[in-house]
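Engineer: File follows, my_file22.tsv with TSV, C-alpha atoms:
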```tsv
chain	number	residue	atom	x	y	z
A	28	GLU	CA	-26.26	32.08	43.26
A	29	SER	CA	-27.21	29.46	40.70
A	30	PRO	CA	-27.17	25.82	41.63
A	31	ALA	CA	-24.18	23.86	40.34
A	32	ALA	CA	-25.02	21.77	37.31
A	33	GLU	CA	-24.34	18.11	37.69
A	34	THR	CA	-22.64	16.37	34.82
A	35	ALA	CA	-22.84	12.69	34.11
A	36	PRO	CA	-19.73	10.92	32.89
A	37	CYS	CA	-19.64	10.39	29.13
A	38	ALA	CA	-20.37	6.85	28.11
A	39	ALA	CA	-19.43	5.35	24.75
A	40	PRO	CA	-22.39	4.33	22.64
A	41	THR	CA	-22.99	0.61	22.87
A	42	ASN	CA	-24.46	0.13	19.40
A	43	VAL	CA	-21.41	1.39	17.50
A	44	GLN	CA	-19.23	-1.29	15.98
A	45	ARG	CA	-15.57	-0.48	16.15
A	46	ARG	CA	-13.48	-1.33	13.13
A	47	GLN	CA	-10.72	-3.73	14.02
A	48	GLN	CA	-7.27	-2.27	13.47
A	49	ARG	CA	-5.17	-4.44	11.19
A	50	THR	CA	-1.59	-4.94	12.15
A	51	ALA	CA	1.07	-4.64	9.50
A	52	ASN	CA	3.08	-7.73	8.65
A	53	VAL	CA	6.67	-8.04	7.60
A	54	PRO	CA	6.33	-8.61	3.84
A	55	ASN	CA	7.68	-11.71	2.18
A	56	GLN	CA	10.83	-11.40	0.15
A	57	THR	CA	10.12	-12.57	-3.38
A	58	MET	CA	12.29	-13.24	-6.37
A	59	GLY	CA	9.70	-11.55	-8.55
A	60	ASN	CA	8.60	-12.58	-11.99
A	61	PRO	CA	11.73	-13.09	-14.12
A	62	SER	CA	9.86	-12.25	-17.33
A	63	LEU	CA	8.93	-8.80	-15.94
A	64	ARG	CA	12.28	-8.01	-14.30
A	65	ALA	CA	13.70	-6.29	-17.41
A	66	ALA	CA	10.57	-4.15	-17.75
A	67	ARG	CA	10.85	-3.07	-14.10
A	68	GLN	CA	14.52	-2.21	-14.47
A	69	SER	CA	13.87	-0.10	-17.57
A	70	LEU	CA	11.43	2.26	-15.82
A	71	PRO	CA	12.74	5.79	-15.13
A	72	VAL	CA	11.79	5.71	-11.44
A	73	LEU	CA	14.45	3.06	-10.74
A	74	SER	CA	17.22	5.66	-10.81
A	75	HIS	CA	15.45	7.47	-7.94
A	76	ARG	CA	14.83	4.39	-5.73
A	77	ALA	CA	17.36	5.25	-3.00
A	78	GLU	CA	16.31	8.91	-3.00
A	79	ILE	CA	12.61	7.98	-2.62
A	80	LEU	CA	13.27	5.49	0.19
A	81	GLY	CA	15.48	8.03	1.96
A	82	ALA	CA	12.79	10.69	1.68
A	83	ILE	CA	10.23	8.28	3.16
A	84	VAL	CA	12.48	7.65	6.17
A	85	GLN	CA	13.08	11.38	6.69
A	86	ASN	CA	9.53	12.69	6.10
A	87	GLN	CA	6.01	11.89	7.13
A	88	VAL	CA	4.65	12.79	3.68
A	89	ILE	CA	6.36	12.84	0.31
A	90	ILE	CA	5.13	13.62	-3.19
A	91	VAL	CA	6.50	11.66	-6.11
A	92	GLU	CA	6.01	13.42	-9.41
A	93	GLY	CA	6.81	11.95	-12.80
A	94	GLU	CA	5.60	11.27	-16.30
A	95	THR	CA	2.80	8.80	-16.98
A	96	GLY	CA	4.27	5.30	-17.16
A	97	CYS	CA	7.49	6.08	-15.28
A	98	GLY	CA	6.65	3.60	-12.47
A	99	LYS	CA	5.27	5.86	-9.74
A	100	THR	CA	2.30	3.68	-8.93
A	101	THR	CA	3.64	0.16	-9.44
A	102	GLN	CA	7.28	0.58	-8.48
A	103	VAL	CA	7.34	2.97	-5.53
A	104	ALA	CA	4.94	0.74	-3.60
A	105	GLN	CA	7.16	-2.24	-4.35
A	106	TYR	CA	10.31	-0.37	-3.29
A	107	ILE	CA	8.68	0.30	0.07
A	108	VAL	CA	7.62	-3.35	0.47
A	109	GLU	CA	11.00	-4.71	-0.67
A	110	ASN	CA	12.83	-2.37	1.70
A	111	ALA	CA	10.59	-3.45	4.59
A	112	ALA	CA	11.17	-7.14	3.75
A	113	ASP	CA	14.95	-6.59	3.61
A	114	ASN	CA	14.89	-4.84	7.01
A	115	GLY	CA	12.31	-7.11	8.68
A	116	THR	CA	10.04	-4.12	9.24
A	117	PRO	CA	6.24	-4.52	9.36
A	118	CYS	CA	4.75	-2.64	6.45
A	119	SER	CA	1.41	-1.92	4.86
A	120	VAL	CA	1.13	0.06	1.61
A	121	VAL	CA	-2.16	1.39	0.26
A	122	CYS	CA	-2.44	2.71	-3.26
A	123	THR	CA	-5.60	4.57	-4.22
A	124	GLN	CA	-6.89	4.86	-7.76
A	125	PRO	CA	-9.72	6.99	-9.14
A	126	ARG	CA	-11.35	4.20	-11.15
A	127	ARG	CA	-12.31	0.61	-10.47
A	128	ILE	CA	-10.46	-0.76	-13.49
A	129	SER	CA	-7.30	1.17	-12.51
A	130	ALA	CA	-7.31	-0.23	-8.98
A	131	ILE	CA	-7.70	-3.80	-10.20
A	132	SER	CA	-5.13	-3.38	-12.99
A	133	VAL	CA	-2.52	-1.92	-10.64
A	134	ALA	CA	-3.03	-4.72	-8.10
A	135	GLU	CA	-2.79	-7.37	-10.82
A	136	ARG	CA	0.36	-5.82	-12.29
A	137	VAL	CA	2.10	-5.53	-8.92
A	138	SER	CA	1.19	-9.09	-7.96
A	139	ASP	CA	2.48	-10.30	-11.36
A	140	GLU	CA	5.74	-8.39	-10.90
A	141	ARG	CA	6.15	-9.83	-7.39
A	142	GLY	CA	5.43	-13.33	-8.71
A	143	GLU	CA	2.55	-13.80	-6.28
A	144	PRO	CA	-1.14	-14.49	-6.78
A	145	ILE	CA	-3.57	-11.62	-6.30
A	146	GLY	CA	-4.97	-11.84	-2.78
A	147	GLY	CA	-1.61	-12.80	-1.24
A	148	SER	CA	0.48	-9.86	-0.15
A	149	VAL	CA	-1.14	-7.75	-2.89
A	150	GLY	CA	-4.88	-7.25	-3.11
A	151	TYR	CA	-7.56	-4.72	-3.83
A	152	ALA	CA	-10.90	-3.51	-2.54
A	153	VAL	CA	-13.30	-1.68	-4.83
A	154	ARG	CA	-16.82	-1.01	-3.60
A	155	LEU	CA	-18.18	-4.46	-2.70
A	156	GLU	CA	-15.50	-6.44	-4.60
A	157	LYS	CA	-12.47	-7.44	-2.60
A	158	LYS	CA	-9.53	-9.75	-3.21
A	159	SER	CA	-7.25	-9.86	-0.21
A	160	GLY	CA	-5.89	-12.21	2.36
A	161	PRO	CA	-4.43	-12.17	5.85
A	162	SER	CA	-1.06	-10.87	4.59
A	163	THR	CA	-2.55	-8.21	2.32
```
Could you take the file, read its structure, and then write that structure out as structure tokens?
Structural biologist:
Amino acid sequence: ESPAAETAPCAAPTNVQRRQQRTANVPNQTMGNPSLRAARQSLPVLSHRAEILGAIVQNQVIIVEGETGCGKTTQVAQYIVENAADNGTPCSVVCTQPRRISAISVAERVSDERGEPIGGSVGYAVRLEKKSGPST
């Protein structure tokens, strides 16, 4: 008969820094930038707003497919934020882009459309460059 092996309880490493979990905030309701309102309303994705928000409520993952320039990137994120603000629901939306310039351009466009400065509720992080704030 072999002797029973003793096992020591697992201990968490002490030198590992844990990343602090950010909590989502209820987004601010904004009037948006009046000069960009017509441009937002002319985008094809607007006619699918209710359908997209309904799909998000019903599903864990959705795929939005559309032509370049139809508003997938800038508008769908805003629909989610606007819906959360209307309902008082904490919300955090992350939009990834394949290139640095795309990430910054999208963040700048969305902040312009919301009528807020970059680094408020809309920000970006690309490599070592980051513009964000407590409500981002």
Engineer: Give me, as JSON, numbers by chain, all polymer residues having an atom no more than 8 Å from segment 133-143 of chain A, counting only C-alpha atoms and skipping those fewer than 6 positions away in the same chain.
Structural biologist: {"A": [57, 58, 59, 60, 63, 64, 100, 101, 105, 149, 150, 151]}
Engineer: Interatomic distance between atom CA of Ala112 of chain A and atom CA of Pro54 of chain A?
Structural biologist: 5.1 Å
Engineer: Using all atoms listed in the file, which of the listed residues (A:Ser132, A:Gln68, A:Gln87, A:Thr163) sits closest to Val108 of chain A?
Structural biologist: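 Looking at the shortest contact to Val108 of chain A, the residue is A:Thr163.
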Engineer: Pick from A:Glu92, A:Gln56, A:Gly147, A:Ser62: nearest to Ile107 of chain A, with all atoms listed in the file counted?
Structural biologist: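 Distance minimum relative to Ile107 of chain A lands on A:Gln56.
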Engineer: For each of A:Ala51, A:Leu73, A:Ala82, A:Val153, take the minimum atom-to-atom distance to Pro125 of chain A, counting only C-alpha atoms, then give the residue where this is smallest.
Structural biologist: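 For Pro125 of chain A, the nearest of the candidates is A:Val153.
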Engineer: So how many Å separate atom CA of Asn86 of chain A and atom CA of Ser148 of chain A, to one decimal?
Structural biologist: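 Computing the Euclidean distance for atom CA of Asn86 of chain A and atom CA of Ser148 of chain A yields 25.1 Å.
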Engineer: Smallest atom-to-atom distance to Glu94 of chain A: which of A:Glu156, A:Leu70, A:Cys118, A:Pro61, using all atoms listed in the file?
Structural biologist: A:Leu70
Engineer: Missing atoms in segment 85-96 of chain A: fill them in up to all heavy atoms and send the result as a PDB file, in the coordinates of the input.
Structural biologist:
```
ATOM      1  N   GLN A  85      12.880  10.054   6.124  1.00  0.00           N
ATOM      2  CA  GLN A  85      13.080  11.380   6.690  1.00  0.00           C
ATOM      3  C   GLN A  85      11.808  12.212   6.849  1.00  0.00           C
ATOM      4  O   GLN A  85      11.801  13.179   7.587  1.00  0.00           O
ATOM      5  CB  GLN A  85      14.069  12.179   5.832  1.00  0.00           C
ATOM      6  CG  GLN A  85      15.447  11.568   5.783  1.00  0.00           C
ATOM      7  CD  GLN A  85      16.127  11.571   7.141  1.00  0.00           C
ATOM      8  OE1 GLN A  85      16.030  12.524   7.888  1.00  0.00           O
ATOM      9  NE2 GLN A  85      16.802  10.480   7.460  1.00  0.00           N
ATOM     10  N   ASN A  86      10.738  11.849   6.123  1.00  0.00           N
ATOM     11  CA  ASN A  86       9.530  12.690   6.100  1.00  0.00           C
ATOM     12  C   ASN A  86       8.277  11.874   6.325  1.00  0.00           C
ATOM     13  O   ASN A  86       8.192  10.711   5.942  1.00  0.00           O
ATOM     14  CB  ASN A  86       9.427  13.387   4.731  1.00  0.00           C
ATOM     15  CG  ASN A  86      10.623  14.258   4.456  1.00  0.00           C
ATOM     16  OD1 ASN A  86      10.742  15.342   4.981  1.00  0.00           O
ATOM     17  ND2 ASN A  86      11.538  13.750   3.635  1.00  0.00           N
ATOM     18  N   GLN A  87       7.296  12.521   6.895  1.00  0.00           N
ATOM     19  CA  GLN A  87       6.010  11.890   7.130  1.00  0.00           C
ATOM     20  C   GLN A  87       5.202  11.780   5.831  1.00  0.00           C
ATOM     21  O   GLN A  87       4.463  10.842   5.625  1.00  0.00           O
ATOM     22  CB  GLN A  87       5.235  12.713   8.155  1.00  0.00           C
ATOM     23  CG  GLN A  87       4.242  11.921   8.921  1.00  0.00           C
ATOM     24  CD  GLN A  87       3.668  12.733  10.076  1.00  0.00           C
ATOM     25  OE1 GLN A  87       3.770  13.953  10.126  1.00  0.00           O
ATOM     26  NE2 GLN A  87       3.052  12.058  11.002  1.00  0.00           N
ATOM     27  N   VAL A  88       5.363  12.750   4.952  1.00  0.00           N
ATOM     28  CA  VAL A  88       4.650  12.790   3.680  1.00  0.00           C
ATOM     29  C   VAL A  88       5.638  13.159   2.584  1.00  0.00           C
ATOM     30  O   VAL A  88       6.453  14.060   2.769  1.00  0.00           O
ATOM     31  CB  VAL A  88       3.516  13.858   3.708  1.00  0.00           C
ATOM     32  CG1 VAL A  88       2.845  13.979   2.357  1.00  0.00           C
ATOM     33  CG2 VAL A  88       2.493  13.525   4.787  1.00  0.00           C
ATOM     34  N   ILE A  89       5.569  12.447   1.466  1.00  0.00           N
ATOM     35  CA  ILE A  89       6.360  12.840   0.310  1.00  0.00           C
ATOM     36  C   ILE A  89       5.456  12.851  -0.920  1.00  0.00           C
ATOM     37  O   ILE A  89       4.414  12.197  -0.938  1.00  0.00           O
ATOM     38  CB  ILE A  89       7.583  11.929   0.049  1.00  0.00           C
ATOM     39  CG1 ILE A  89       7.155  10.538  -0.418  1.00  0.00           C
ATOM     40  CG2 ILE A  89       8.478  11.842   1.262  1.00  0.00           C
ATOM     41  CD1 ILE A  89       8.287   9.737  -1.023  1.00  0.00           C
ATOM     42  N   ILE A  90       5.845  13.591  -1.919  1.00  0.00           N
ATOM     43  CA  ILE A  90       5.130  13.620  -3.190  1.00  0.00           C
ATOM     44  C   ILE A  90       6.095  13.173  -4.264  1.00  0.00           C
ATOM     45  O   ILE A  90       7.194  13.719  -4.386  1.00  0.00           O
ATOM     46  CB  ILE A  90       4.592  15.041  -3.496  1.00  0.00           C
ATOM     47  CG1 ILE A  90       3.568  15.443  -2.433  1.00  0.00           C
ATOM     48  CG2 ILE A  90       3.996  15.096  -4.901  1.00  0.00           C
ATOM     49  CD1 ILE A  90       3.110  16.883  -2.520  1.00  0.00           C
ATOM     50  N   VAL A  91       5.686  12.163  -5.009  1.00  0.00           N
ATOM     51  CA  VAL A  91       6.500  11.660  -6.110  1.00  0.00           C
ATOM     52  C   VAL A  91       5.824  12.123  -7.393  1.00  0.00           C
ATOM     53  O   VAL A  91       4.670  11.786  -7.647  1.00  0.00           O
ATOM     54  CB  VAL A  91       6.614  10.124  -6.082  1.00  0.00           C
ATOM     55  CG1 VAL A  91       7.428   9.619  -7.265  1.00  0.00           C
ATOM     56  CG2 VAL A  91       7.214   9.662  -4.757  1.00  0.00           C
ATOM     57  N   GLU A  92       6.555  12.879  -8.171  1.00  0.00           N
ATOM     58  CA  GLU A  92       6.010  13.420  -9.410  1.00  0.00           C
ATOM     59  C   GLU A  92       6.815  12.867 -10.575  1.00  0.00           C
ATOM     60  O   GLU A  92       8.043  12.789 -10.516  1.00  0.00           O
ATOM     61  CB  GLU A  92       6.120  14.949  -9.381  1.00  0.00           C
ATOM     62  CG  GLU A  92       5.575  15.632 -10.602  1.00  0.00           C
ATOM     63  CD  GLU A  92       5.732  17.142 -10.521  1.00  0.00           C
ATOM     64  OE1 GLU A  92       6.729  17.614  -9.928  1.00  0.00           O
ATOM     65  OE2 GLU A  92       4.868  17.838 -11.039  1.00  0.00           O
ATOM     66  N   GLY A  93       6.118  12.468 -11.621  1.00  0.00           N
ATOM     67  CA  GLY A  93       6.810  11.950 -12.800  1.00  0.00           C
ATOM     68  C   GLY A  93       5.834  11.754 -13.940  1.00  0.00           C
ATOM     69  O   GLY A  93       4.616  11.825 -13.768  1.00  0.00           O
ATOM     70  N   GLU A  94       6.398  11.482 -15.097  1.00  0.00           N
ATOM     71  CA  GLU A  94       5.600  11.270 -16.300  1.00  0.00           C
ATOM     72  C   GLU A  94       4.727  10.020 -16.154  1.00  0.00           C
ATOM     73  O   GLU A  94       5.061   9.097 -15.407  1.00  0.00           O
ATOM     74  CB  GLU A  94       6.508  11.099 -17.521  1.00  0.00           C
ATOM     75  CG  GLU A  94       7.340  12.311 -17.856  1.00  0.00           C
ATOM     76  CD  GLU A  94       6.503  13.462 -18.382  1.00  0.00           C
ATOM     77  OE1 GLU A  94       5.508  13.218 -19.085  1.00  0.00           O
ATOM     78  OE2 GLU A  94       6.858  14.613 -18.077  1.00  0.00           O
ATOM     79  N   THR A  95       3.651   9.988 -16.907  1.00  0.00           N
ATOM     80  CA  THR A  95       2.800   8.800 -16.980  1.00  0.00           C
ATOM     81  C   THR A  95       3.654   7.626 -17.452  1.00  0.00           C
ATOM     82  O   THR A  95       4.419   7.749 -18.404  1.00  0.00           O
ATOM     83  CB  THR A  95       1.648   9.030 -17.974  1.00  0.00           C
ATOM     84  OG1 THR A  95       0.893  10.149 -17.522  1.00  0.00           O
ATOM     85  CG2 THR A  95       0.756   7.816 -18.079  1.00  0.00           C
ATOM     86  N   GLY A  96       3.547   6.500 -16.753  1.00  0.00           N
ATOM     87  CA  GLY A  96       4.270   5.300 -17.160  1.00  0.00           C
ATOM     88  C   GLY A  96       5.676   5.186 -16.638  1.00  0.00           C
ATOM     89  O   GLY A  96       6.389   4.244 -16.975  1.00  0.00           O
TER      90      GLY A  96
END
```
